[in-house]
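Novice: Submitted below is the structure of interest, expressed as structure tokens.
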There are 2 protein chains.
Amino acid sequence: VSLDPAAALELGAVRVVGTGLLGASVGLGLSASGARVLLADVSPTALALARDLGAGTPDDVGEQVDLVVVAAPPDVTAAVVLDELKAHPDAVVTDVASVKAGVLGSLRAAGADLRNYVGGHPMAGRERSGAVAARGDLFIGRPWVLSPVPEGDPAALSRVRRLALALGAVPVVMPATEHDEAVALVSHVPQVAASLVAARLRHAPDAAVALAGQGLRDVTRVAGSDPALWAQILAANAGPVAAVLTQLRDDLDRVLDALDALARERPEHGSSAPGHAVGARGAVAGVVADGNLGRERIPGKHGGVPARYAVVTVVIPDEPGALGRIFADIAAAGTNVEELTLEHAPGRAVGLLEISVLPGVREHLQEALSASGWHVVA
Amino acid sequence: VSLDPAAALELGAVRVVGTGLLGASVGLGLSASGARVLLADVSPTALALARDLGAGTPDDVGEQVDLVVVAAPPDVTAAVVLDELKAHPDAVVTDVASVKAGVLGSLRAAGADLRNYVGGHPMAGRERSGAVAARGDLFIGRPWVLSPVPEGDPAALSRVRRLALALGAVPVVMPATEHDEAVALVSHVPQVAASLVAARLRHAPDAAVALAGQGLRDVTRVAGSDPALWAQILAANAGPVAAVLTQLRDDLDRVLDALDALARERPEHGSSAPGHAVGARGAVAGVVADGNLGRERIPGKHGGVPARYAVVTVVIPDEPGALGRIFADIAAAGTNVEELTLEHAPGRAVGLLEISVLPGVREHLQEALSASGWHVVA
């Protein structure tokens with residue numbers, strides 16, 4: 001379920017430039033497999049910390065390396081890749097920047113020889129940053145996008161693929177432009193939308209935010225992200241993000257036009273019966289229906305098609321051991337849990353546990369849990 | 001942890017008009033406590049189904065009632081409340097419509113005597129609708145907003161408050177206009193935003209949506225909602241929703257202007273180093289920072305201030321019994337779980353369980369789980 005030490009050892013000596021969260025995590029994961037990892041960082045303090053955490057050995061003597069992983073901040077990635085390509089002409093060089101076309105454009109503009117370069121983006125992160133937050137298993141099970149260039153050596157691609165596999169990641173080959181458009185859709189635009197919704201709550205009355213439910217919590221969960229980091233990411237992918245956000249704003253304008261028509265309709269009628277703004281209701285329903293279709297596209301568990309799980313809901317008293325007891329009872333019933341949500345009820349010392357299972361076993365699990373004395377909410 | 005039978009019995013005879021999800025759930029909850037529930041619905045089929053499910057007795061003979069709960073669709077709520085106030089002049093009448101000012105405005109426009117009327121909104125729902133999805137414990141632990149009118153009888157408010165308590169809900173008194181503005185912020189606008197983000201995925205390449213992570217899943221979770229129902233809700237609250245969405249669009253326009261400036265900056269510089277669009281970076285960071293502040297406003301567990309939990313992350317093999325074992329081990333460690341997230345790794349038969357606990361017990365739990373053989377991701 002985790003790292004692939006054999007793949008790690010086949011990599012040879014790996015130089016990691018930049019020992020923040022991602023660089024140190026690469027170093028920790030490879031070092032755990034016994035690979036030789038040489039560390040470099042412009043900050044001697046950061047370098048010493050990564051070394052002390054076990055991420056590798058400082059690259060003091062400039063020994064021969066087979067692979068260079070550039071894990072520098074996005075805005076200096078291209079310059080560092082360029083230096084590394086020149087300094088290590090026989091090594092393969094990759095990077096971990098979350099936006100790829102800008103890096104590639106800068107390398108081309110500088111006239112770099114890119115036969116040994118493969119762009120990379122491991123889709124893993126944490127809310128905390130820096131080497132202290134690094135973990136050798138950060139990449140396990142995560143997509144690691146590889147963006148080879150047309151003139152690239154196929155052997156270079158397979159070496160970076162081996163890096164991803166060594167760290168337990170799932171390699172996904174995708175050109176830089178395609179990657180940037182994809183992350184604009186699935187990561188950058190959702191981040192902006194979450195921030196915009198959360199920002200509206202800043203000056204909201206306490207009584208209003210007290211009505212917040214799970215929906216608001218879900219929509220705004222990523223709004224807690226680091227502003228400086230996201231400014232850098234969004235700036236680096238400004239074009240693709242702006243393209244998607246512009247389409248989103250067009251939809252939003254349609255919703256606003258419809259709502260304005262509906263708001264104007266109210267005073268004339270007294271009741272909320274449909275009037276001349278009946279087309280406006282259709283426009284609003286259309287946006288929600290489009291959202292249904294889009295939501296259906298998101299792959300489910302294990303990257304497959306969206307699964308239709310059945311949900312068993314159980315009332316959980318807020319006391320130590322309650323979850324232990326129920327999962328022991330679920331295990332005793334022989335049922336596998338597909339997904340889990342624990343929702344705490346506002347103002348009550350009780351939670352609602354939603355257990356997603358395959359539809360065929362729902363009834364069995366409900367009966368088993370009821371028989372064990374749980375309050376199953378059918 | 002649940003219903004309050006004593007409060008239910010003090011209600012006297014309760015007439016429920018409309019036997020969909022909410023009406024049937026009210027009937028089931030009160031009937032379970034032994035209260036007398038009389039059911040009415042324009043559809044004889046729906047009425048018979050609710051009766052067969054145990055929600056109450058059809059109100060055939062027009063007996064004396066003490067409380068009327070109007071659980072009709074939003075767009076006919078005002079008309080039904082008006083009829084019930086006239087038909088039962090000695091009873092208190094409440095409703096469960098999710099938008100309150102429109103109902104009140106219609107009642108005033110019709111010249112209704114509102115001394116016995118109290119607007120209501122139990123903030124509970126399900127993805128499924130109709131009496132078949134009803135549950136007597138639907139309202140347990142949920143806020144139930146009560147919107148009294150200035151001329152209302154205080155005894156009417158206390159009777160509807162008792163209804164909420166009987167069903168295990170948490171009564172929250174709030175004027176209709178304030179309620180509508182609050183739900184626009186915490187429910188209706190997040191729904192629109194989730195739908196807008198999800199709608200962008202409709203025609204996305206498979207390879208792009210395959211990169212979806214937990215962030216996208218969270219932001220779009222509510223985008224699976226029923227379009228017809230939401231068109232009705234948004235239409236009924238068009239003014240307040242439009243007001244919040246307009247502010248959101250203004251923020252979005254600022255982000256778009258900044259991204260456009262940043263996108264134009266790129267070709268001139270070659271690298272993504274900050275150029276004349278440095279103010280644009282600040283604008284983008286500002287929106288994310290505003291989102292941080294808004295996100296902080298959302299109450300945490302049990303309606304209190306946002307708690308700062310520490311997170312323990314554990315690798316869970318995808319096999320029956322794994323969750324049972326770990327929660328048994330957590331219970332053995334004497335640790336209470338505050339929040340839970342189970343995230344499945346794409347392409348791998350493994351999940352990451354994030355266990356939120358009080359900061360003081362994190363280290364203890366990590367050690368205990370490691371000692372039990374779990375792969376704890378520190």
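Ordered as shown in the structure tokens, chains take letters A, B, and onward, while each chain numbers its residues from 1 and ligands are numbered from 1 in the order shown.
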Using only C-alpha atoms, which residues sit within 9 Å of segment 8-10 of chain A once same-chain residues fewer than 2 positions away are excluded, as a list in words?

Specialist: Leu3, Asp4, Pro5, Ala6, Gly12, Ala13, Gly29, Leu30, Ser31, Ser33, Gly34, Ala35, Arg36, Arg159, Arg162, Leu163, Leu165, Ala166 and Leu167 of chain A

Novice: Which of segment 19-159 of chain B end up as strand (DSSP E) when DSSP is run on this backbone - answer as a ChimeraX atom specification?

Specialist: /B:36-40,57-58,67-70,92-95,117-122,143-148

Novice: Run DSSP on the backbone and grab whatever in segment 138-321 of chain B lands in helix (DSSP H, G or I); send it over as a PyMOL selection string.

Specialist: chain B and resi 154-166+176-199+206-209+214-224+227-236+238-269+278-297+301-303

Novice: Residues at most 12 Å from Ser43 of chain B, counting only C-alpha atoms, excluding those fewer than 6 positions away in the same chain, as an mmCIF file with N, CA, C and O atoms, in the first residue's frame?

Specialist:
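Wrote result.cif, looks like this:
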data_model
loop_
_atom_site.group_PDB
_atom_site.id
_atom_site.type_symbol
_atom_site.label_atom_id
_atom_site.label_comp_id
_atom_site.auth_asym_id
_atom_site.auth_seq_id
_atom_site.Cartn_x
_atom_site.Cartn_y
_atom_site.Cartn_z
ATOM 1 N N VAL B 17 -50.746 19.635 7.400
ATOM 2 C CA VAL B 17 -51.287 19.806 6.052
ATOM 3 C C VAL B 17 -50.145 19.688 5.050
ATOM 4 O O VAL B 17 -49.260 20.542 5.003
ATOM 5 N N GLY B 18 -50.172 18.624 4.279
ATOM 6 C CA GLY B 18 -49.086 18.350 3.343
ATOM 7 C C GLY B 18 -48.237 17.227 3.912
ATOM 8 O O GLY B 18 -47.609 17.379 4.952
ATOM 9 N N THR B 19 -48.229 16.082 3.236
ATOM 10 C CA THR B 19 -47.566 14.903 3.796
ATOM 11 C C THR B 19 -46.374 14.476 2.948
ATOM 12 O O THR B 19 -46.186 13.297 2.656
ATOM 13 N N GLY B 20 -45.574 15.470 2.541
ATOM 14 C CA GLY B 20 -44.304 15.157 1.880
ATOM 15 C C GLY B 20 -43.252 14.827 2.926
ATOM 16 O O GLY B 20 -43.578 14.427 4.049
ATOM 17 N N LEU B 49 -50.420 7.020 1.909
ATOM 18 C CA LEU B 49 -49.050 6.546 2.124
ATOM 19 C C LEU B 49 -48.533 7.009 3.487
ATOM 20 O O LEU B 49 -47.983 6.221 4.263
ATOM 21 N N ALA B 50 -48.741 8.302 3.796
ATOM 22 C CA ALA B 50 -48.267 8.836 5.075
ATOM 23 C C ALA B 50 -48.952 8.112 6.236
ATOM 24 O O ALA B 50 -48.313 7.802 7.247
ATOM 25 N N PRO B 58 -55.824 10.244 8.985
ATOM 26 C CA PRO B 58 -56.433 11.244 8.090
ATOM 27 C C PRO B 58 -57.487 12.065 8.830
ATOM 28 O O PRO B 58 -58.263 11.521 9.618
ATOM 29 N N ALA B 72 -46.858 22.432 3.087
ATOM 30 C CA ALA B 72 -47.168 22.416 1.655
ATOM 31 C C ALA B 72 -45.956 22.920 0.883
ATOM 32 O O ALA B 72 -45.029 23.473 1.473
#

Novice: Pick from A:Gly120, A:Pro227, A:Pro73, A:Pro205: nearest to Met174 of chain A, with only C-alpha atoms counted?

Specialist: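 Residue with the minimum atom-to-atom distance to Met174 of chain A: A:Gly120.
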
Novice: Quick one: residues within 7 Å of segment 314-316 of chain B, only C-alpha atoms, excluding same-chain residues fewer than 6 positions away - as a list in words?

Specialist: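 Contacts, with the query itself left out: Ala322, Val350, Gly351, Leu352, Leu353, Glu354, Trp374, His375, Val376 and Val377 of chain B.
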
Novice: Go ahead and dump the residues you just picked, all heavy atoms, as a PDB file, in the first residue's frame.

Specialist:
ATOM      1  N   ALA B 322     -11.300  -3.131   8.846  1.00  0.00           N
ATOM      2  CA  ALA B 322     -10.184  -2.237   9.153  1.00  0.00           C
ATOM      3  C   ALA B 322     -10.653  -1.065  10.013  1.00  0.00           C
ATOM      4  O   ALA B 322     -10.016  -0.700  11.002  1.00  0.00           O
ATOM      5  CB  ALA B 322      -9.544  -1.731   7.865  1.00  0.00           C
ATOM      6  N   VAL B 350      -6.611   1.802  -0.773  1.00  0.00           N
ATOM      7  CA  VAL B 350      -6.198   2.294   0.528  1.00  0.00           C
ATOM      8  C   VAL B 350      -6.896   3.627   0.764  1.00  0.00           C
ATOM      9  O   VAL B 350      -7.211   4.353  -0.172  1.00  0.00           O
ATOM     10  CB  VAL B 350      -4.658   2.452   0.566  1.00  0.00           C
ATOM     11  CG1 VAL B 350      -4.204   3.434  -0.491  1.00  0.00           C
ATOM     12  CG2 VAL B 350      -4.172   2.882   1.917  1.00  0.00           C
ATOM     13  N   GLY B 351      -7.189   3.928   2.011  1.00  0.00           N
ATOM     14  CA  GLY B 351      -7.802   5.210   2.319  1.00  0.00           C
ATOM     15  C   GLY B 351      -6.996   5.926   3.377  1.00  0.00           C
ATOM     16  O   GLY B 351      -6.208   5.312   4.094  1.00  0.00           O
ATOM     17  N   LEU B 352      -7.155   7.243   3.431  1.00  0.00           N
ATOM     18  CA  LEU B 352      -6.510   8.016   4.491  1.00  0.00           C
ATOM     19  C   LEU B 352      -7.606   8.487   5.441  1.00  0.00           C
ATOM     20  O   LEU B 352      -8.521   9.195   5.032  1.00  0.00           O
ATOM     21  CB  LEU B 352      -5.768   9.221   3.919  1.00  0.00           C
ATOM     22  CG  LEU B 352      -4.512   8.908   3.112  1.00  0.00           C
ATOM     23  CD1 LEU B 352      -3.902  10.185   2.535  1.00  0.00           C
ATOM     24  CD2 LEU B 352      -3.485   8.181   3.966  1.00  0.00           C
ATOM     25  N   LEU B 353      -7.538   8.056   6.687  1.00  0.00           N
ATOM     26  CA  LEU B 353      -8.512   8.468   7.677  1.00  0.00           C
ATOM     27  C   LEU B 353      -7.934   9.629   8.469  1.00  0.00           C
ATOM     28  O   LEU B 353      -6.855   9.499   9.062  1.00  0.00           O
ATOM     29  CB  LEU B 353      -8.841   7.302   8.616  1.00  0.00           C
ATOM     30  CG  LEU B 353      -9.897   7.594   9.690  1.00  0.00           C
ATOM     31  CD1 LEU B 353     -11.275   7.764   9.046  1.00  0.00           C
ATOM     32  CD2 LEU B 353      -9.944   6.474  10.718  1.00  0.00           C
ATOM     33  N   GLU B 354      -8.611  10.774   8.445  1.00  0.00           N
ATOM     34  CA  GLU B 354      -8.162  11.931   9.217  1.00  0.00           C
ATOM     35  C   GLU B 354      -9.033  12.041  10.459  1.00  0.00           C
ATOM     36  O   GLU B 354     -10.239  12.236  10.364  1.00  0.00           O
ATOM     37  CB  GLU B 354      -8.225  13.198   8.376  1.00  0.00           C
ATOM     38  CG  GLU B 354      -7.319  13.122   7.156  1.00  0.00           C
ATOM     39  CD  GLU B 354      -7.064  14.459   6.514  1.00  0.00           C
ATOM     40  OE1 GLU B 354      -7.931  15.343   6.646  1.00  0.00           O
ATOM     41  OE2 GLU B 354      -6.005  14.625   5.884  1.00  0.00           O
ATOM     42  N   TRP B 374      -0.667   0.455  13.327  1.00  0.00           N
ATOM     43  CA  TRP B 374      -1.213   1.290  12.257  1.00  0.00           C
ATOM     44  C   TRP B 374      -0.119   2.155  11.651  1.00  0.00           C
ATOM     45  O   TRP B 374       0.804   2.575  12.343  1.00  0.00           O
ATOM     46  CB  TRP B 374      -2.325   2.189  12.802  1.00  0.00           C
ATOM     47  CG  TRP B 374      -3.513   1.402  13.228  1.00  0.00           C
ATOM     48  CD1 TRP B 374      -3.832   1.029  14.493  1.00  0.00           C
ATOM     49  CD2 TRP B 374      -4.521   0.850  12.383  1.00  0.00           C
ATOM     50  NE1 TRP B 374      -4.974   0.285  14.497  1.00  0.00           N
ATOM     51  CE2 TRP B 374      -5.424   0.153  13.208  1.00  0.00           C
ATOM     52  CE3 TRP B 374      -4.757   0.871  11.009  1.00  0.00           C
ATOM     53  CZ2 TRP B 374      -6.538  -0.516  12.710  1.00  0.00           C
ATOM     54  CZ3 TRP B 374      -5.864   0.213  10.510  1.00  0.00           C
ATOM     55  CH2 TRP B 374      -6.739  -0.476  11.353  1.00  0.00           C
ATOM     56  N   HIS B 375      -0.267   2.456  10.367  1.00  0.00           N
ATOM     57  CA  HIS B 375       0.637   3.377   9.691  1.00  0.00           C
ATOM     58  C   HIS B 375       0.107   4.788   9.929  1.00  0.00           C
ATOM     59  O   HIS B 375      -0.813   5.238   9.253  1.00  0.00           O
ATOM     60  CB  HIS B 375       0.674   3.046   8.197  1.00  0.00           C
ATOM     61  CG  HIS B 375       1.580   3.958   7.424  1.00  0.00           C
ATOM     62  ND1 HIS B 375       1.889   3.763   6.119  1.00  0.00           N
ATOM     63  CD2 HIS B 375       2.236   5.079   7.795  1.00  0.00           C
ATOM     64  CE1 HIS B 375       2.690   4.729   5.703  1.00  0.00           C
ATOM     65  NE2 HIS B 375       2.902   5.538   6.702  1.00  0.00           N
ATOM     66  N   VAL B 376       0.683   5.450  10.924  1.00  0.00           N
ATOM     67  CA  VAL B 376       0.266   6.802  11.264  1.00  0.00           C
ATOM     68  C   VAL B 376       1.100   7.791  10.462  1.00  0.00           C
ATOM     69  O   VAL B 376       2.325   7.732  10.473  1.00  0.00           O
ATOM     70  CB  VAL B 376       0.447   7.074  12.776  1.00  0.00           C
ATOM     71  CG1 VAL B 376       0.056   8.511  13.103  1.00  0.00           C
ATOM     72  CG2 VAL B 376      -0.395   6.105  13.582  1.00  0.00           C
ATOM     73  N   VAL B 377       0.421   8.668   9.747  1.00  0.00           N
ATOM     74  CA  VAL B 377       1.093   9.660   8.922  1.00  0.00           C
ATOM     75  C   VAL B 377       1.191  10.924   9.765  1.00  0.00           C
ATOM     76  O   VAL B 377       0.202  11.615   9.960  1.00  0.00           O
ATOM     77  CB  VAL B 377       0.268   9.927   7.651  1.00  0.00           C
ATOM     78  CG1 VAL B 377       0.945  10.987   6.808  1.00  0.00           C
ATOM     79  CG2 VAL B 377       0.062   8.641   6.883  1.00  0.00           C
TER      80      VAL B 377
END

Novice: Rank nothing, just name the residue among A:Val93, A:Ala328, A:Val42, A:Leu11 nearest to chain B, using only C-alpha atoms.

Specialist: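 Selected residue with least distance to chain B: A:Ala328.
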
Novice: What is the distance between atom CA of Pro122 of chain B and atom CA of Ala243 of chain B, in Å to one decimal?

Specialist: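 If I compute the distance from atom CA of Pro122 of chain B to atom CA of Ala243 of chain B, I get 23.7 Å.
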
Novice: Can you tell me, as a CSV table (one decimal) with N, CA and C atoms, in the first residue's frame, what residues are no more than 10 Å from segment 285-297 of chain A when counting only C-alpha atoms, ignoring any on the same chain fewer than 2 positions away?

Specialist:
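Listing of result.csv after writing:
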chain,number,residue,atom,x,y,z
A,251,ASP,N,-22.5,32.3,-16.5
A,251,ASP,CA,-23.6,31.6,-15.9
A,251,ASP,C,-24.2,32.4,-14.7
A,252,LEU,N,-23.3,32.9,-13.9
A,252,LEU,CA,-23.7,33.7,-12.8
A,252,LEU,C,-24.5,34.9,-13.2
A,254,ARG,N,-26.4,35.1,-15.7
A,254,ARG,CA,-27.7,34.6,-16.1
A,254,ARG,C,-28.6,34.3,-14.9
A,255,VAL,N,-28.0,33.7,-13.8
A,255,VAL,CA,-28.7,33.5,-12.6
A,255,VAL,C,-29.1,34.9,-12.0
A,279,GLY,N,-39.9,32.2,-17.2
A,279,GLY,CA,-38.7,31.8,-17.9
A,279,GLY,C,-37.5,31.9,-16.9
A,280,ALA,N,-37.6,32.8,-16.0
A,280,ALA,CA,-36.5,33.0,-15.0
A,280,ALA,C,-36.3,31.8,-14.1
A,281,ARG,N,-37.5,31.2,-13.7
A,281,ARG,CA,-37.4,30.0,-12.9
A,281,ARG,C,-36.7,28.9,-13.7
A,282,GLY,N,-36.9,28.8,-15.0
A,282,GLY,CA,-36.3,27.8,-15.8
A,282,GLY,C,-34.8,28.0,-15.9
A,283,ALA,N,-34.4,29.3,-16.0
A,283,ALA,CA,-33.0,29.6,-16.0
A,283,ALA,C,-32.3,29.2,-14.8
A,299,PRO,N,-15.0,11.4,-10.7
A,299,PRO,CA,-14.8,10.0,-10.5
A,299,PRO,C,-15.0,9.7,-9.0
A,300,GLY,N,-15.5,8.5,-8.7
A,300,GLY,CA,-15.7,8.1,-7.4
A,300,GLY,C,-14.5,7.4,-6.8
A,305,VAL,N,-15.8,4.9,-12.1
A,305,VAL,CA,-17.0,5.7,-12.3
A,305,VAL,C,-17.7,6.0,-11.0
A,306,PRO,N,-18.5,7.1,-11.0
A,306,PRO,CA,-19.2,7.4,-9.7
A,306,PRO,C,-20.0,6.3,-9.2
A,307,ALA,N,-19.8,5.9,-8.0
A,307,ALA,CA,-20.5,4.7,-7.5
A,307,ALA,C,-21.8,5.3,-6.8
B,191,GLN,N,-25.2,27.0,-2.5
B,191,GLN,CA,-25.8,26.1,-3.5
B,191,GLN,C,-25.5,26.6,-4.9
B,192,VAL,N,-25.7,27.9,-5.1
B,192,VAL,CA,-25.5,28.4,-6.5
B,192,VAL,C,-24.1,28.3,-6.9
B,193,ALA,N,-23.2,28.6,-5.9
B,193,ALA,CA,-21.7,28.6,-6.3
B,193,ALA,C,-21.3,27.1,-6.6
B,194,ALA,N,-21.8,26.2,-5.8
B,194,ALA,CA,-21.4,24.8,-6.0
B,194,ALA,C,-21.9,24.3,-7.4
B,195,SER,N,-23.2,24.7,-7.7
B,195,SER,CA,-23.7,24.4,-9.1
B,195,SER,C,-22.9,25.0,-10.2
B,196,LEU,N,-22.5,26.3,-10.0
B,196,LEU,CA,-21.7,26.9,-11.1
B,196,LEU,C,-20.4,26.2,-11.3
B,197,VAL,N,-19.7,25.9,-10.2
B,197,VAL,CA,-18.4,25.2,-10.3
B,197,VAL,C,-18.6,23.8,-11.0
B,198,ALA,N,-19.6,23.1,-10.5
B,198,ALA,CA,-19.8,21.7,-11.0
B,198,ALA,C,-20.2,21.8,-12.5
B,199,ALA,N,-21.0,22.8,-12.9
B,199,ALA,CA,-21.5,22.9,-14.3
B,199,ALA,C,-20.3,23.1,-15.2
B,200,ARG,N,-19.2,23.7,-14.8
B,200,ARG,CA,-18.0,23.8,-15.6
B,200,ARG,C,-17.4,22.4,-16.0
B,201,LEU,N,-17.7,21.4,-15.2
B,201,LEU,CA,-17.1,20.1,-15.5
B,201,LEU,C,-17.9,19.3,-16.5
B,202,ARG,N,-19.1,19.8,-16.9
B,202,ARG,CA,-19.9,19.0,-17.8
B,202,ARG,C,-19.1,18.5,-19.0
B,203,HIS,N,-18.4,19.4,-19.7
B,203,HIS,CA,-17.8,19.0,-21.0
B,203,HIS,C,-16.3,18.8,-20.8
B,204,ALA,N,-15.8,18.7,-19.6
B,204,ALA,CA,-14.4,18.6,-19.3
B,204,ALA,C,-13.9,17.2,-19.8
B,205,PRO,N,-12.6,17.2,-20.3
B,205,PRO,CA,-12.0,15.9,-20.7
B,205,PRO,C,-11.9,14.9,-19.5
B,206,ASP,N,-12.1,13.6,-19.8
B,206,ASP,CA,-12.0,12.6,-18.8
B,206,ASP,C,-10.7,12.7,-18.0
B,209,VAL,N,-11.0,15.5,-15.3
B,209,VAL,CA,-11.8,15.2,-14.1
B,209,VAL,C,-11.1,14.0,-13.3
B,210,ALA,N,-10.3,13.3,-14.0
B,210,ALA,CA,-9.6,12.2,-13.2
B,210,ALA,C,-8.6,12.8,-12.2
B,212,ALA,N,-9.4,15.1,-10.2
B,212,ALA,CA,-10.2,15.7,-9.1
B,212,ALA,C,-9.7,15.1,-7.7
B,216,LEU,N,-12.3,19.5,-4.8
B,216,LEU,CA,-13.4,19.6,-5.7
B,216,LEU,C,-14.6,18.9,-5.2
B,217,ARG,N,-14.4,17.7,-4.7
B,217,ARG,CA,-15.6,16.9,-4.1
B,217,ARG,C,-16.3,17.7,-3.1
B,220,THR,N,-18.3,20.8,-4.5
B,220,THR,CA,-19.4,20.5,-5.4
B,220,THR,C,-20.4,19.5,-4.8
B,221,ARG,N,-20.2,19.1,-3.5
B,221,ARG,CA,-21.1,18.1,-3.0
B,221,ARG,C,-22.6,18.4,-3.1
B,222,VAL,N,-22.9,19.6,-2.7
B,222,VAL,CA,-24.4,20.0,-2.8
B,222,VAL,C,-24.9,20.2,-4.2
B,223,ALA,N,-24.0,20.2,-5.2
B,223,ALA,CA,-24.4,20.4,-6.6
B,223,ALA,C,-25.3,19.3,-7.1
B,224,GLY,N,-25.4,18.2,-6.3
B,224,GLY,CA,-26.3,17.1,-6.8
B,224,GLY,C,-27.8,17.3,-6.4
B,225,SER,N,-28.1,18.5,-5.9
B,225,SER,CA,-29.5,18.8,-5.5
B,225,SER,C,-30.5,18.9,-6.6
B,226,ASP,N,-31.8,18.8,-6.2
B,226,ASP,CA,-32.9,18.8,-7.1
B,226,ASP,C,-33.1,20.1,-7.8
B,227,PRO,N,-33.0,20.2,-9.1
B,227,PRO,CA,-33.2,21.5,-9.8
B,227,PRO,C,-34.5,22.2,-9.6
B,228,ALA,N,-35.6,21.4,-9.6
B,228,ALA,CA,-36.9,22.0,-9.5
B,228,ALA,C,-37.2,22.6,-8.2
B,229,LEU,N,-36.8,21.8,-7.1
B,229,LEU,CA,-36.9,22.3,-5.8
B,229,LEU,C,-36.1,23.6,-5.6
B,230,TRP,N,-34.9,23.6,-6.1
B,230,TRP,CA,-34.0,24.8,-5.9
B,230,TRP,C,-34.5,26.0,-6.7
B,231,ALA,N,-35.0,25.7,-7.8
B,231,ALA,CA,-35.6,26.9,-8.6
B,231,ALA,C,-36.7,27.5,-7.7
B,232,GLN,N,-37.5,26.7,-7.1
B,232,GLN,CA,-38.5,27.3,-6.3
B,232,GLN,C,-38.0,28.0,-5.0
B,234,LEU,N,-34.9,29.4,-4.6
B,234,LEU,CA,-34.2,30.6,-5.0
B,234,LEU,C,-35.1,31.7,-5.5
B,235,ALA,N,-36.2,31.2,-6.2
B,235,ALA,CA,-37.2,32.2,-6.7
B,235,ALA,C,-37.9,32.9,-5.5

Novice: Nearest to chain A among B:Pro175, B:Gly136, B:Gly239, B:Pro154, with distances taken over only C-alpha atoms: which residue is it?

Specialist: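 Selected residue with least distance to chain A: B:Gly239.
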
Novice: So what do you get for atom CA of His179 of chain B versus atom CA of Lys100 of chain B, distance-wise?

Specialist: 7.2 Å

Novice: Show me, as a PDB file with C-alpha atoms, in the first residue's frame, the residues that have an atom within 9 Å of segment 335-337 of chain B when counting only C-alpha atoms, minus same-chain residues fewer than 5 positions from it.

Specialist:
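Full text of out_28.pdb as output:
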ATOM      1  CA  ASP A 318     -20.698  12.166  21.857  1.00  0.00           C
ATOM      2  CA  GLU A 319     -18.712  10.001  24.263  1.00  0.00           C
ATOM      3  CA  PRO A 320     -15.377   8.170  24.126  1.00  0.00           C
ATOM      4  CA  GLY A 321     -15.657   4.726  22.644  1.00  0.00           C
ATOM      5  CA  ALA A 322     -18.915   5.214  20.746  1.00  0.00           C
ATOM      6  CA  LEU A 323     -17.214   5.145  17.341  1.00  0.00           C
TER       7      LEU A 323
ATOM      8  CA  ILE B 330      -8.928   4.573  19.411  1.00  0.00           C
ATOM      9  CA  ILE B 355      -9.112  11.886  12.883  1.00  0.00           C
ATOM     10  CA  SER B 356      -9.615  15.285  14.515  1.00  0.00           C
ATOM     11  CA  VAL B 357      -8.958  15.278  18.252  1.00  0.00           C
ATOM     12  CA  LEU B 358      -8.264  17.864  20.942  1.00  0.00           C
ATOM     13  CA  VAL B 361      -4.287  14.155  23.033  1.00  0.00           C
ATOM     14  CA  ARG B 362      -2.855  14.032  19.522  1.00  0.00           C
ATOM     15  CA  HIS B 364      -0.903  10.108  22.775  1.00  0.00           C
ATOM     16  CA  LEU B 365      -3.223   8.847  20.039  1.00  0.00           C
TER      17      LEU B 365
END

Novice: With distances taken over only C-alpha atoms, which residue among A:Asp253, A:Glu363, A:Asp218, A:Glu63 lies nearest chain B?

Specialist: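 That would be A:Asp218, the residue with the smallest distance to chain B.
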
Novice: Using only C-alpha atoms for the distances, tell me which of A:Ala109, A:Val311, A:Leu38, A:Leu114 is nearest to chain B.

Specialist: A:Ala109
